[in-house]
Amino acid sequence: MVEKAQVTFVHGDQSLAGNITSTKRVEWDADDEGTTDEEFKGLTLPKSRAIDKKLPRIDQRNLIPKGSEEVLENIKLEEKPKTSEASWIQQALKKHFLFSSLSSQQLAEITQKMFYASASKDQVIFKQGDNATCFLLIAKGKVEVSINGQVRKELGSGEGFGDLALLYNAPRSATIKALEQTYLYGINRATFKRLLEDMMTAQYVENRKFINEAKFFNVMTEDQKDALAGSMISLRFKEGENILNEGDLASSFYVIQEGSAVVLKEGKELRQMTKGDSFGEQALYYNTVRSATVKAQTDCRCITLSRETAQKVLGSHIQIISLRNQQIWAFGKSEVL
């Protein structure tokens, strides 16, 4: 499934130009149009696909958010409904792997940049092998997904398709046809990547500031802190939700940014934690299982660092940093020392 894919965003990607000005061959790189791995089994997909014609252009350029690339999909751009559907759009976006980890503020920014469009009954929105520029979310109506001429599924309100068009300049892996008058919200690749770059910059600044304040990072050099700030991601947990489970495989380390949490072992409370407290350090330098459960006592936000990333950024310094922090914590808790 595509949610397992690891994606690297490259600044200044010159492959994002949306205009096709000549015939060329594009290497096949199937992207997910709402199709599962099981549905792909047994299908013979072409290794390459010739794009031998220009796709229709949309004339209503004033309906595309300023600074966006042209939309190549066969849809009619419309004025957005006067009644705001921002809340509904954000809830729908959270169901898609590309947007599931974004904050409410980030989802609001993306929603604001989305355009509104329509497709008539039996209208083909795009064909398998067509060039891709945008992700589309169904507001009203229904579409049919087909691969190699075989109908695979139908999608309705709240479901999206064309996810990977936001990441890769690759041909469509399926054909999408409107089964009835259909209305869609969409965002194209250029707009999405600009927003993402802005978000990543803002996240780096926030992470760097937090690293300066959190006790765990005090023993690190400034260069190490700079490297970590660009590698850590932010996760949110609801009150009562388990952040870690005792006995689970451990592969990441956490620091609380907001809220509070409690450490439990076999149901017994061991420790209360608040902003700046960290847990899961051992996961950074060897394979192990969680020795305790950590539960959010309030709505909680943590920054997390995976073992793989930590080893790349900190190398052999991981154990030294963790040992120093354990010594500092032990001295602080000791009644004798």
# chains A, B, ... in the order shown; residues from 1 in each chain; ligands from 1
$ select_by_dssp --residues "region 59-248 of chain A" --states "alpha helix (DSSP H)" --output "number ranges by chain"
A: 86-93, 104-113, 189-213, 222-229
$ write_last_selection --atoms "N, CA and C atoms" --output "short mmCIF file (atom, residue, chain, number, x, y, z; two decimals), in the first residue's frame"
data_model
loop_
_atom_site.label_atom_id
_atom_site.label_comp_id
_atom_site.auth_asym_id
_atom_site.auth_seq_id
_atom_site.Cartn_x
_atom_site.Cartn_y
_atom_site.Cartn_z
N ALA A 86 -14.67 24.16 4.36
CA ALA A 86 -13.29 23.96 4.81
C ALA A 86 -13.18 22.84 5.84
N SER A 87 -14.08 22.82 6.81
CA SER A 87 -14.02 21.80 7.87
C SER A 87 -14.20 20.41 7.29
N TRP A 88 -15.16 20.26 6.37
CA TRP A 88 -15.41 18.96 5.74
C TRP A 88 -14.20 18.52 4.93
N ILE A 89 -13.60 19.45 4.19
CA ILE A 89 -12.43 19.12 3.36
C ILE A 89 -11.29 18.62 4.24
N GLN A 90 -11.04 19.31 5.35
CA GLN A 90 -9.93 18.93 6.23
C GLN A 90 -10.14 17.54 6.82
N GLN A 91 -11.37 17.23 7.20
CA GLN A 91 -11.66 15.90 7.74
C GLN A 91 -11.46 14.83 6.68
N ALA A 92 -11.85 15.14 5.44
CA ALA A 92 -11.68 14.19 4.34
C ALA A 92 -10.20 13.98 4.01
N LEU A 93 -9.43 15.05 4.03
CA LEU A 93 -8.00 14.96 3.71
C LEU A 93 -7.26 14.09 4.72
N SER A 104 -3.76 20.80 12.10
CA SER A 104 -4.97 21.50 11.67
C SER A 104 -4.63 22.77 10.90
N GLN A 105 -3.62 23.48 11.37
CA GLN A 105 -3.19 24.71 10.69
C GLN A 105 -2.66 24.41 9.29
N GLN A 106 -1.87 23.35 9.16
CA GLN A 106 -1.33 22.98 7.85
C GLN A 106 -2.43 22.53 6.90
N LEU A 107 -3.41 21.77 7.42
CA LEU A 107 -4.54 21.35 6.59
C LEU A 107 -5.36 22.56 6.15
N ALA A 108 -5.48 23.55 7.03
CA ALA A 108 -6.23 24.76 6.68
C ALA A 108 -5.53 25.52 5.54
N GLU A 109 -4.21 25.55 5.57
CA GLU A 109 -3.45 26.22 4.52
C GLU A 109 -3.63 25.53 3.18
N ILE A 110 -3.61 24.19 3.19
CA ILE A 110 -3.82 23.44 1.96
C ILE A 110 -5.24 23.63 1.44
N THR A 111 -6.22 23.57 2.34
CA THR A 111 -7.62 23.76 1.96
C THR A 111 -7.84 25.11 1.27
N GLN A 112 -7.19 26.13 1.81
CA GLN A 112 -7.34 27.48 1.26
C GLN A 112 -6.83 27.57 -0.19
N LYS A 113 -5.84 26.75 -0.52
CA LYS A 113 -5.23 26.79 -1.85
C LYS A 113 -5.90 25.86 -2.86
N ARG A 189 0.41 19.85 -8.09
CA ARG A 189 1.72 19.49 -7.54
C ARG A 189 2.55 20.70 -7.15
N ALA A 190 2.60 21.71 -8.02
CA ALA A 190 3.45 22.87 -7.75
C ALA A 190 3.00 23.60 -6.49
N THR A 191 1.68 23.78 -6.34
CA THR A 191 1.13 24.46 -5.16
C THR A 191 1.42 23.65 -3.89
N PHE A 192 1.19 22.33 -3.97
CA PHE A 192 1.40 21.47 -2.81
C PHE A 192 2.86 21.49 -2.35
N LYS A 193 3.80 21.42 -3.29
CA LYS A 193 5.21 21.37 -2.92
C LYS A 193 5.69 22.71 -2.36
N ARG A 194 5.15 23.82 -2.88
CA ARG A 194 5.50 25.12 -2.30
C ARG A 194 5.00 25.22 -0.86
N LEU A 195 3.75 24.77 -0.64
CA LEU A 195 3.20 24.79 0.71
C LEU A 195 4.02 23.90 1.64
N LEU A 196 4.39 22.72 1.14
CA LEU A 196 5.14 21.77 1.96
C LEU A 196 6.50 22.33 2.34
N GLU A 197 7.16 22.99 1.40
CA GLU A 197 8.47 23.59 1.69
C GLU A 197 8.34 24.66 2.77
N ASP A 198 7.27 25.47 2.68
CA ASP A 198 7.04 26.50 3.71
C ASP A 198 6.79 25.86 5.07
N MET A 199 6.00 24.76 5.06
CA MET A 199 5.71 24.05 6.31
C MET A 199 6.97 23.46 6.91
N MET A 200 7.81 22.88 6.05
CA MET A 200 9.05 22.27 6.53
C MET A 200 9.98 23.31 7.14
N THR A 201 10.03 24.50 6.52
CA THR A 201 10.86 25.58 7.06
C THR A 201 10.34 26.01 8.43
N ALA A 202 9.02 26.19 8.52
CA ALA A 202 8.41 26.59 9.80
C ALA A 202 8.63 25.53 10.87
N GLN A 203 8.53 24.23 10.46
CA GLN A 203 8.73 23.14 11.41
C GLN A 203 10.17 23.10 11.91
N TYR A 204 11.12 23.37 11.01
CA TYR A 204 12.53 23.39 11.40
C TYR A 204 12.78 24.47 12.45
N VAL A 205 12.25 25.67 12.22
CA VAL A 205 12.45 26.77 13.16
C VAL A 205 11.86 26.42 14.52
N GLU A 206 10.64 25.83 14.51
CA GLU A 206 9.99 25.45 15.77
C GLU A 206 10.78 24.36 16.48
N ASN A 207 11.23 23.34 15.73
CA ASN A 207 12.00 22.25 16.33
C ASN A 207 13.31 22.75 16.92
N ARG A 208 13.97 23.65 16.19
CA ARG A 208 15.27 24.17 16.66
C ARG A 208 15.11 24.95 17.96
N LYS A 209 14.07 25.74 18.05
CA LYS A 209 13.80 26.49 19.27
C LYS A 209 13.52 25.55 20.44
N PHE A 210 12.73 24.50 20.17
CA PHE A 210 12.39 23.55 21.22
C PHE A 210 13.61 22.77 21.68
N ILE A 211 14.47 22.37 20.75
CA ILE A 211 15.69 21.64 21.09
C ILE A 211 16.57 22.46 22.04
N ASN A 212 16.63 23.75 21.84
CA ASN A 212 17.41 24.62 22.73
C ASN A 212 16.85 24.63 24.14
N GLU A 213 15.53 24.40 24.26
CA GLU A 213 14.88 24.50 25.57
C GLU A 213 14.80 23.15 26.30
N GLU A 222 26.09 22.47 18.86
CA GLU A 222 25.17 23.25 18.04
C GLU A 222 24.96 22.60 16.68
N ASP A 223 25.99 22.02 16.12
CA ASP A 223 25.86 21.34 14.83
C ASP A 223 24.93 20.14 14.92
N GLN A 224 25.03 19.39 16.02
CA GLN A 224 24.14 18.24 16.21
C GLN A 224 22.70 18.69 16.36
N LYS A 225 22.50 19.78 17.08
CA LYS A 225 21.14 20.32 17.25
C LYS A 225 20.56 20.76 15.91
N ASP A 226 21.39 21.42 15.10
CA ASP A 226 20.93 21.88 13.78
C ASP A 226 20.50 20.69 12.93
N ALA A 227 21.30 19.63 12.94
CA ALA A 227 20.99 18.45 12.13
C ALA A 227 19.70 17.77 12.59
N LEU A 228 19.50 17.69 13.91
CA LEU A 228 18.31 17.05 14.45
C LEU A 228 17.05 17.85 14.13
N ALA A 229 17.13 19.16 14.14
CA ALA A 229 15.96 20.01 13.93
C ALA A 229 15.30 19.73 12.59
#
$ residues_around --residues "region 266-274 of chain A" --least-positions-apart "4" --cutoff "9 Å" --atoms "only C-alpha atoms" --output "ChimeraX atom specification"
/A:246,256-262,278,292-293
$ closest_residue --among "A:Leu77, A:Ile187, A:Ala117, A:Ile233" --to "Leu102 (chain A)" --atoms "only C-alpha atoms"
A:Ile233
$ residues_around --residues "Lys238 (chain A)" --least-positions-apart "4" --cutoff "12 Å" --atoms "only C-alpha atoms" --output "PDB file with all heavy atoms, in the first residue's frame"
ATOM      1  N   ASN A 242      -2.661   5.762  23.983  1.00  0.00           N
ATOM      2  CA  ASN A 242      -1.326   5.237  24.258  1.00  0.00           C
ATOM      3  C   ASN A 242      -0.342   5.736  23.207  1.00  0.00           C
ATOM      4  O   ASN A 242      -0.553   5.564  22.004  1.00  0.00           O
ATOM      5  CB  ASN A 242      -1.334   3.714  24.262  1.00  0.00           C
ATOM      6  CG  ASN A 242      -1.924   3.137  25.534  1.00  0.00           C
ATOM      7  OD1 ASN A 242      -2.271   3.874  26.454  1.00  0.00           O
ATOM      8  ND2 ASN A 242      -2.045   1.822  25.593  1.00  0.00           N
ATOM      9  N   ILE A 243       0.744   6.350  23.684  1.00  0.00           N
ATOM     10  CA  ILE A 243       1.813   6.789  22.786  1.00  0.00           C
ATOM     11  C   ILE A 243       2.723   5.611  22.484  1.00  0.00           C
ATOM     12  O   ILE A 243       3.127   5.390  21.336  1.00  0.00           O
ATOM     13  CB  ILE A 243       2.606   7.949  23.426  1.00  0.00           C
ATOM     14  CG1 ILE A 243       1.667   9.119  23.740  1.00  0.00           C
ATOM     15  CG2 ILE A 243       3.758   8.393  22.522  1.00  0.00           C
ATOM     16  CD1 ILE A 243       2.314  10.237  24.550  1.00  0.00           C
ATOM     17  N   GLU A 258       4.039  19.511  24.039  1.00  0.00           N
ATOM     18  CA  GLU A 258       2.860  20.087  24.697  1.00  0.00           C
ATOM     19  C   GLU A 258       2.117  18.985  25.429  1.00  0.00           C
ATOM     20  O   GLU A 258       2.115  17.837  24.989  1.00  0.00           O
ATOM     21  CB  GLU A 258       1.904  20.715  23.666  1.00  0.00           C
ATOM     22  CG  GLU A 258       2.467  21.887  22.890  1.00  0.00           C
ATOM     23  CD  GLU A 258       1.504  22.353  21.810  1.00  0.00           C
ATOM     24  OE1 GLU A 258       0.392  21.794  21.716  1.00  0.00           O
ATOM     25  OE2 GLU A 258       1.872  23.267  21.044  1.00  0.00           O
ATOM     26  N   GLY A 259       1.494  19.344  26.545  1.00  0.00           N
ATOM     27  CA  GLY A 259       0.669  18.391  27.272  1.00  0.00           C
ATOM     28  C   GLY A 259       1.452  17.580  28.287  1.00  0.00           C
ATOM     29  O   GLY A 259       2.595  17.900  28.641  1.00  0.00           O
ATOM     30  N   SER A 260       0.826  16.492  28.774  1.00  0.00           N
ATOM     31  CA  SER A 260       1.466  15.639  29.784  1.00  0.00           C
ATOM     32  C   SER A 260       1.155  14.176  29.499  1.00  0.00           C
ATOM     33  O   SER A 260       0.184  13.848  28.811  1.00  0.00           O
ATOM     34  CB  SER A 260       0.974  16.008  31.189  1.00  0.00           C
ATOM     35  OG  SER A 260      -0.431  15.815  31.293  1.00  0.00           O
ATOM     36  N   ALA A 261       1.992  13.303  30.055  1.00  0.00           N
ATOM     37  CA  ALA A 261       1.838  11.856  29.856  1.00  0.00           C
ATOM     38  C   ALA A 261       2.263  11.124  31.111  1.00  0.00           C
ATOM     39  O   ALA A 261       2.931  11.691  31.987  1.00  0.00           O
ATOM     40  CB  ALA A 261       2.664  11.395  28.658  1.00  0.00           C
ATOM     41  N   LYS A 295       1.129   6.779  28.255  1.00  0.00           N
ATOM     42  CA  LYS A 295      -0.227   7.204  27.887  1.00  0.00           C
ATOM     43  C   LYS A 295      -0.358   8.719  28.024  1.00  0.00           C
ATOM     44  O   LYS A 295       0.133   9.313  28.992  1.00  0.00           O
ATOM     45  CB  LYS A 295      -1.262   6.510  28.783  1.00  0.00           C
ATOM     46  CG  LYS A 295      -2.702   6.923  28.502  1.00  0.00           C
ATOM     47  CD  LYS A 295      -3.680   6.218  29.429  1.00  0.00           C
ATOM     48  CE  LYS A 295      -3.796   4.751  29.069  1.00  0.00           C
ATOM     49  NZ  LYS A 295      -4.891   4.087  29.821  1.00  0.00           N
ATOM     50  N   ALA A 296      -1.027   9.344  27.069  1.00  0.00           N
ATOM     51  CA  ALA A 296      -1.264  10.793  27.123  1.00  0.00           C
ATOM     52  C   ALA A 296      -2.313  11.093  28.187  1.00  0.00           C
ATOM     53  O   ALA A 296      -3.421  10.552  28.144  1.00  0.00           O
ATOM     54  CB  ALA A 296      -1.724  11.294  25.763  1.00  0.00           C
ATOM     55  N   GLN A 297      -1.955  11.951  29.146  1.00  0.00           N
ATOM     56  CA  GLN A 297      -2.919  12.348  30.180  1.00  0.00           C
ATOM     57  C   GLN A 297      -3.810  13.482  29.703  1.00  0.00           C
ATOM     58  O   GLN A 297      -4.940  13.644  30.158  1.00  0.00           O
ATOM     59  CB  GLN A 297      -2.170  12.787  31.447  1.00  0.00           C
ATOM     60  CG  GLN A 297      -1.615  11.642  32.268  1.00  0.00           C
ATOM     61  CD  GLN A 297      -1.077  12.121  33.596  1.00  0.00           C
ATOM     62  OE1 GLN A 297      -0.251  13.034  33.641  1.00  0.00           O
ATOM     63  NE2 GLN A 297      -1.516  11.513  34.673  1.00  0.00           N
ATOM     64  N   THR A 298      -3.277  14.309  28.813  1.00  0.00           N
ATOM     65  CA  THR A 298      -4.025  15.374  28.159  1.00  0.00           C
ATOM     66  C   THR A 298      -3.748  15.253  26.662  1.00  0.00           C
ATOM     67  O   THR A 298      -2.954  14.417  26.241  1.00  0.00           O
ATOM     68  CB  THR A 298      -3.553  16.761  28.649  1.00  0.00           C
ATOM     69  OG1 THR A 298      -2.173  16.945  28.256  1.00  0.00           O
ATOM     70  CG2 THR A 298      -3.653  16.877  30.169  1.00  0.00           C
ATOM     71  N   ASP A 299      -4.400  16.061  25.850  1.00  0.00           N
ATOM     72  CA  ASP A 299      -4.000  16.131  24.451  1.00  0.00           C
ATOM     73  C   ASP A 299      -2.520  16.473  24.430  1.00  0.00           C
ATOM     74  O   ASP A 299      -2.071  17.374  25.130  1.00  0.00           O
ATOM     75  CB  ASP A 299      -4.806  17.198  23.708  1.00  0.00           C
ATOM     76  CG  ASP A 299      -6.241  16.756  23.450  1.00  0.00           C
ATOM     77  OD1 ASP A 299      -6.566  15.591  23.729  1.00  0.00           O
ATOM     78  OD2 ASP A 299      -7.038  17.584  22.970  1.00  0.00           O
ATOM     79  N   CYS A 300      -1.770  15.741  23.649  1.00  0.00           N
ATOM     80  CA  CYS A 300      -0.314  15.774  23.768  1.00  0.00           C
ATOM     81  C   CYS A 300       0.334  15.872  22.387  1.00  0.00           C
ATOM     82  O   CYS A 300      -0.136  15.258  21.428  1.00  0.00           O
ATOM     83  CB  CYS A 300       0.134  14.494  24.476  1.00  0.00           C
ATOM     84  SG  CYS A 300       1.809  14.478  25.078  1.00  0.00           S
ATOM     85  N   ARG A 301       1.409  16.651  22.301  1.00  0.00           N
ATOM     86  CA  ARG A 301       2.185  16.732  21.066  1.00  0.00           C
ATOM     87  C   ARG A 301       3.632  16.390  21.383  1.00  0.00           C
ATOM     88  O   ARG A 301       4.210  16.912  22.329  1.00  0.00           O
ATOM     89  CB  ARG A 301       2.085  18.128  20.451  1.00  0.00           C
ATOM     90  CG  ARG A 301       2.798  18.255  19.100  1.00  0.00           C
ATOM     91  CD  ARG A 301       2.261  19.442  18.316  1.00  0.00           C
ATOM     92  NE  ARG A 301       2.589  20.693  18.946  1.00  0.00           N
ATOM     93  CZ  ARG A 301       3.507  21.547  18.493  1.00  0.00           C
ATOM     94  NH1 ARG A 301       4.209  21.249  17.409  1.00  0.00           N
ATOM     95  NH2 ARG A 301       3.731  22.682  19.113  1.00  0.00           N
ATOM     96  N   CYS A 302       4.206  15.507  20.590  1.00  0.00           N
ATOM     97  CA  CYS A 302       5.592  15.078  20.796  1.00  0.00           C
ATOM     98  C   CYS A 302       6.383  15.242  19.504  1.00  0.00           C
ATOM     99  O   CYS A 302       5.838  15.112  18.409  1.00  0.00           O
ATOM    100  CB  CYS A 302       5.657  13.607  21.205  1.00  0.00           C
ATOM    101  SG  CYS A 302       4.757  13.180  22.710  1.00  0.00           S
TER     102      CYS A 302
END
$ atom_distance --atom1 "CA of Leu249 (chain A)" --atom2 "CA of Arg290 (chain A)"
6.2 Å
$ closest_residue --among "A:Thr83, A:Ser146, A:Ser118, A:Asn131" --to "Ile176 (chain A)" --atoms "only C-alpha atoms"
A:Ser146
$ closest_residue --among "A:Phe253, A:Phe216, A:Tyr168, A:Phe161" --to "Lys275 (chain A)" --atoms "only C-alpha atoms"
A:Phe216
$ closest_residue --among "A:Gly230, A:Gly247, A:Gly162, A:Gly276" --to "Phe126 (chain A)" --atoms "only C-alpha atoms"
A:Gly162
$ closest_residue --among "A:Ser100, A:Asn245, A:Asn188, A:Thr182" --to "Lys76 (chain A)" --atoms "only C-alpha atoms"
A:Thr182
